[in-house]
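data-v5.txt, holding compact mmCIF, N, CA and C atoms:
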# COMPACT_ATOMS: atom_id res chain seq x y z
N MET A 1455 -3.20 30.53 34.70
CA MET A 1455 -1.75 30.47 34.60
C MET A 1455 -1.12 30.03 35.93
N GLY A 1456 -1.66 30.50 37.04
CA GLY A 1456 -1.14 30.14 38.35
C GLY A 1456 -1.26 28.65 38.62
N ASP A 1457 -2.36 28.04 38.15
CA ASP A 1457 -2.55 26.60 38.36
C ASP A 1457 -1.50 25.79 37.61
N LEU A 1458 -1.12 26.26 36.43
CA LEU A 1458 -0.11 25.55 35.65
C LEU A 1458 1.24 25.59 36.37
N ILE A 1459 1.57 26.72 36.95
CA ILE A 1459 2.83 26.84 37.70
C ILE A 1459 2.80 25.93 38.92
N LYS A 1460 1.66 25.87 39.61
CA LYS A 1460 1.52 24.97 40.75
C LYS A 1460 1.67 23.51 40.32
N GLN A 1461 1.11 23.18 39.17
CA GLN A 1461 1.18 21.81 38.67
C GLN A 1461 2.63 21.45 38.32
N ILE A 1462 3.32 22.33 37.65
CA ILE A 1462 4.72 22.07 37.30
C ILE A 1462 5.56 21.92 38.56
N SER A 1463 5.31 22.78 39.54
CA SER A 1463 6.04 22.71 40.80
C SER A 1463 5.75 21.41 41.53
N ALA A 1464 4.49 20.99 41.55
CA ALA A 1464 4.10 19.74 42.23
C ALA A 1464 4.72 18.53 41.54
N LYS A 1465 4.79 18.56 40.22
CA LYS A 1465 5.39 17.44 39.48
C LYS A 1465 6.90 17.38 39.75
N ALA A 1466 7.55 18.53 39.78
CA ALA A 1466 8.98 18.57 40.09
C ALA A 1466 9.24 18.06 41.50
N LYS A 1467 8.37 18.42 42.43
CA LYS A 1467 8.51 17.93 43.80
C LYS A 1467 8.32 16.42 43.85
N ALA A 1468 7.37 15.90 43.08
CA ALA A 1468 7.14 14.45 43.03
C ALA A 1468 8.39 13.74 42.53
N ILE A 1469 9.04 14.29 41.53
CA ILE A 1469 10.26 13.68 41.00
C ILE A 1469 11.36 13.70 42.07
N ASP A 1470 11.47 14.81 42.80
CA ASP A 1470 12.45 14.88 43.89
C ASP A 1470 12.16 13.84 44.96
N ILE A 1471 10.88 13.69 45.30
CA ILE A 1471 10.48 12.70 46.30
C ILE A 1471 10.83 11.29 45.82
N ILE A 1472 10.50 11.01 44.58
CA ILE A 1472 10.78 9.69 44.01
C ILE A 1472 12.28 9.40 44.04
N ASN A 1473 13.07 10.36 43.64
CA ASN A 1473 14.53 10.15 43.57
C ASN A 1473 15.18 10.02 44.95
N SER A 1474 14.47 10.44 45.99
CA SER A 1474 15.03 10.34 47.34
C SER A 1474 14.63 9.04 48.06
N CYS A 1475 13.83 8.22 47.42
CA CYS A 1475 13.35 6.98 48.05
C CYS A 1475 14.47 5.98 48.24
N VAL A 1476 14.52 5.42 49.47
CA VAL A 1476 15.50 4.37 49.76
C VAL A 1476 14.90 3.20 50.54
N SER A 1477 13.68 3.35 51.04
CA SER A 1477 13.06 2.26 51.80
C SER A 1477 11.62 2.05 51.34
N GLY A 1478 11.06 0.95 51.79
CA GLY A 1478 9.67 0.65 51.43
C GLY A 1478 8.71 1.74 51.85
N LEU A 1479 8.92 2.30 53.02
CA LEU A 1479 8.06 3.38 53.50
C LEU A 1479 8.16 4.61 52.61
N HIS A 1480 9.36 4.91 52.15
CA HIS A 1480 9.55 6.04 51.24
C HIS A 1480 8.77 5.83 49.95
N PHE A 1481 8.85 4.60 49.41
CA PHE A 1481 8.14 4.31 48.17
C PHE A 1481 6.62 4.41 48.36
N GLU A 1482 6.12 3.97 49.50
CA GLU A 1482 4.69 4.09 49.78
C GLU A 1482 4.27 5.56 49.86
N SER A 1483 5.08 6.37 50.51
CA SER A 1483 4.79 7.80 50.62
C SER A 1483 4.81 8.47 49.25
N ALA A 1484 5.77 8.07 48.41
CA ALA A 1484 5.85 8.63 47.06
C ALA A 1484 4.61 8.24 46.26
N GLU A 1485 4.15 7.01 46.41
CA GLU A 1485 2.92 6.59 45.71
C GLU A 1485 1.73 7.43 46.15
N LYS A 1486 1.63 7.70 47.45
CA LYS A 1486 0.53 8.53 47.95
C LYS A 1486 0.62 9.94 47.39
N TYR A 1487 1.84 10.50 47.31
CA TYR A 1487 2.01 11.83 46.74
C TYR A 1487 1.58 11.85 45.27
N ILE A 1488 1.94 10.81 44.53
CA ILE A 1488 1.56 10.73 43.12
C ILE A 1488 0.04 10.67 42.99
N GLU A 1489 -0.62 9.91 43.86
CA GLU A 1489 -2.08 9.83 43.83
C GLU A 1489 -2.70 11.21 44.13
N LEU A 1490 -2.14 11.90 45.12
CA LEU A 1490 -2.63 13.24 45.44
C LEU A 1490 -2.43 14.19 44.26
N TYR A 1491 -1.29 14.08 43.60
CA TYR A 1491 -1.01 14.89 42.40
C TYR A 1491 -2.08 14.64 41.34
N HIS A 1492 -2.36 13.36 41.11
CA HIS A 1492 -3.36 13.01 40.08
C HIS A 1492 -4.75 13.52 40.46
N ASN A 1493 -5.13 13.37 41.72
CA ASN A 1493 -6.44 13.83 42.16
C ASN A 1493 -6.58 15.34 42.06
N LYS A 1494 -5.51 16.06 42.35
CA LYS A 1494 -5.55 17.52 42.34
C LYS A 1494 -5.57 18.08 40.92
N PHE A 1495 -4.70 17.56 40.04
CA PHE A 1495 -4.52 18.16 38.72
C PHE A 1495 -5.17 17.38 37.59
N GLU A 1496 -5.60 16.14 37.85
CA GLU A 1496 -6.21 15.29 36.83
C GLU A 1496 -5.35 15.21 35.58
N ASP A 1497 -4.04 15.07 35.80
CA ASP A 1497 -3.05 15.00 34.72
C ASP A 1497 -2.69 13.54 34.51
N PHE A 1498 -3.40 12.88 33.61
CA PHE A 1498 -3.20 11.44 33.41
C PHE A 1498 -1.82 11.15 32.84
N LEU A 1499 -1.35 11.96 31.91
CA LEU A 1499 -0.03 11.75 31.32
C LEU A 1499 1.07 11.93 32.37
N GLY A 1500 0.99 13.02 33.13
CA GLY A 1500 1.97 13.26 34.18
C GLY A 1500 1.93 12.18 35.24
N TYR A 1501 0.74 11.74 35.58
CA TYR A 1501 0.55 10.66 36.56
C TYR A 1501 1.28 9.41 36.10
N ASN A 1502 1.09 9.03 34.86
CA ASN A 1502 1.75 7.82 34.33
C ASN A 1502 3.26 7.98 34.25
N GLU A 1503 3.72 9.17 33.90
CA GLU A 1503 5.17 9.43 33.89
C GLU A 1503 5.75 9.25 35.29
N LEU A 1504 5.06 9.78 36.28
CA LEU A 1504 5.53 9.67 37.66
C LEU A 1504 5.50 8.22 38.14
N LYS A 1505 4.46 7.49 37.79
CA LYS A 1505 4.36 6.07 38.18
C LYS A 1505 5.50 5.27 37.55
N ARG A 1506 5.81 5.54 36.28
CA ARG A 1506 6.91 4.83 35.61
C ARG A 1506 8.25 5.17 36.27
N GLU A 1507 8.45 6.44 36.60
CA GLU A 1507 9.69 6.85 37.25
C GLU A 1507 9.82 6.18 38.62
N LEU A 1508 8.72 6.12 39.36
CA LEU A 1508 8.74 5.46 40.65
C LEU A 1508 9.10 3.98 40.49
N GLN A 1509 8.54 3.34 39.52
CA GLN A 1509 8.83 1.92 39.27
C GLN A 1509 10.30 1.75 38.90
N ARG A 1510 10.84 2.64 38.06
CA ARG A 1510 12.24 2.56 37.66
C ARG A 1510 13.16 2.70 38.87
N VAL A 1511 12.87 3.68 39.73
CA VAL A 1511 13.70 3.90 40.92
C VAL A 1511 13.58 2.71 41.87
N ARG A 1512 12.38 2.18 41.99
CA ARG A 1512 12.17 1.01 42.87
C ARG A 1512 12.99 -0.19 42.38
N VAL A 1513 12.97 -0.46 41.10
CA VAL A 1513 13.74 -1.57 40.54
C VAL A 1513 15.23 -1.31 40.71
N ASP A 1514 15.67 -0.09 40.41
CA ASP A 1514 17.08 0.25 40.58
C ASP A 1514 17.55 0.08 42.02
N SER A 1515 16.66 0.30 42.98
CA SER A 1515 17.04 0.18 44.38
C SER A 1515 17.29 -1.27 44.77
N LEU A 1516 16.82 -2.20 43.97
CA LEU A 1516 17.02 -3.62 44.25
C LEU A 1516 18.35 -4.15 43.73
N ILE A 1517 18.99 -3.38 42.85
CA ILE A 1517 20.28 -3.79 42.29
C ILE A 1517 21.37 -3.51 43.31
N PRO A 1518 22.14 -4.53 43.67
CA PRO A 1518 23.19 -4.32 44.69
C PRO A 1518 24.25 -3.34 44.18
N ARG A 1519 24.68 -2.47 45.06
CA ARG A 1519 25.74 -1.51 44.76
C ARG A 1519 27.07 -2.06 45.26
N ARG A 1520 28.12 -1.81 44.54
CA ARG A 1520 29.46 -2.28 44.95
C ARG A 1520 30.25 -1.16 45.54
Hey, can you dump this file as structure tokens for me?
Amino acid sequence: MGDLIKQISAKAKAIDIINSCVSGLHFESAEKYIELYHNKFEDFLGYNELKRELQRVRVDSLIPRR
């Protein structure tokens, strides 16, 4: 049960990290965190969700803001 709570917490932290990205270095760090998450928990579904979210945020960051 404790591992599940750690996994949920780590995934929530990954989402927070992804949403805070504003530069190339931030995106690289978020990718590394996602890889560490995958290696630790072997959660393929969660890994892919995080990768898609990172890609979405990265693309959104390219859209000029007015």
Residues within 8 Å of segment 1465-1472 of chain A, please, as a list in words. Count only C-alpha atoms; anything in the same chain fewer than 3 positions from it doesn't count.
Gln1461, Ile1462, Cys1475, Phe1481, Ala1484, Tyr1487, Ile1488, Tyr1491, Gly1500, Leu1504, Glu1507, Leu1508 and Val1511 of chain A
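Of note, atom C of Lys1460 of chain A and atom N of Glu1485 of chain A are spaced 17.8 Å apart.
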As a check of understanding: the span from atom CA of Arg1519 of chain A to atom CA of Tyr1501 of chain A is 29.2 Å
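Taking atom N of Met1455 of chain A and atom CA of Asn1502 of chain A as the two end points, the separation is 23.2 Å.
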Members of chain A assigned helix (DSSP H, G or I) by DSSP, as a PyMOL selection string:
chain A and resi 1456-1473+1478-1495+1498-1516
Test item: axis-aligned box, all listed atoms of segment 1503-1512 of chain A, 4 Å on each side, centre and edges in Å rounded to one decimal, as AutoDock Vina command-line options:
--center_x 8.7 --center_y 4.8 --center_z 38.4 --size_x 18.0 --size_y 18.0 --size_z 17.0
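Counting only C-alpha atoms and comparing A:Ile1517, A:Lys1494, A:Arg1512, A:Arg1506, the residue that lies closest to Glu1482 of chain A is A:Arg1512.
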Closest of A:Leu1499, A:Val1476, A:Leu1490, A:Ile1459 to Ser1515 of chain A - atom-to-atom distances counting all atoms listed in the file:
A:Val1476
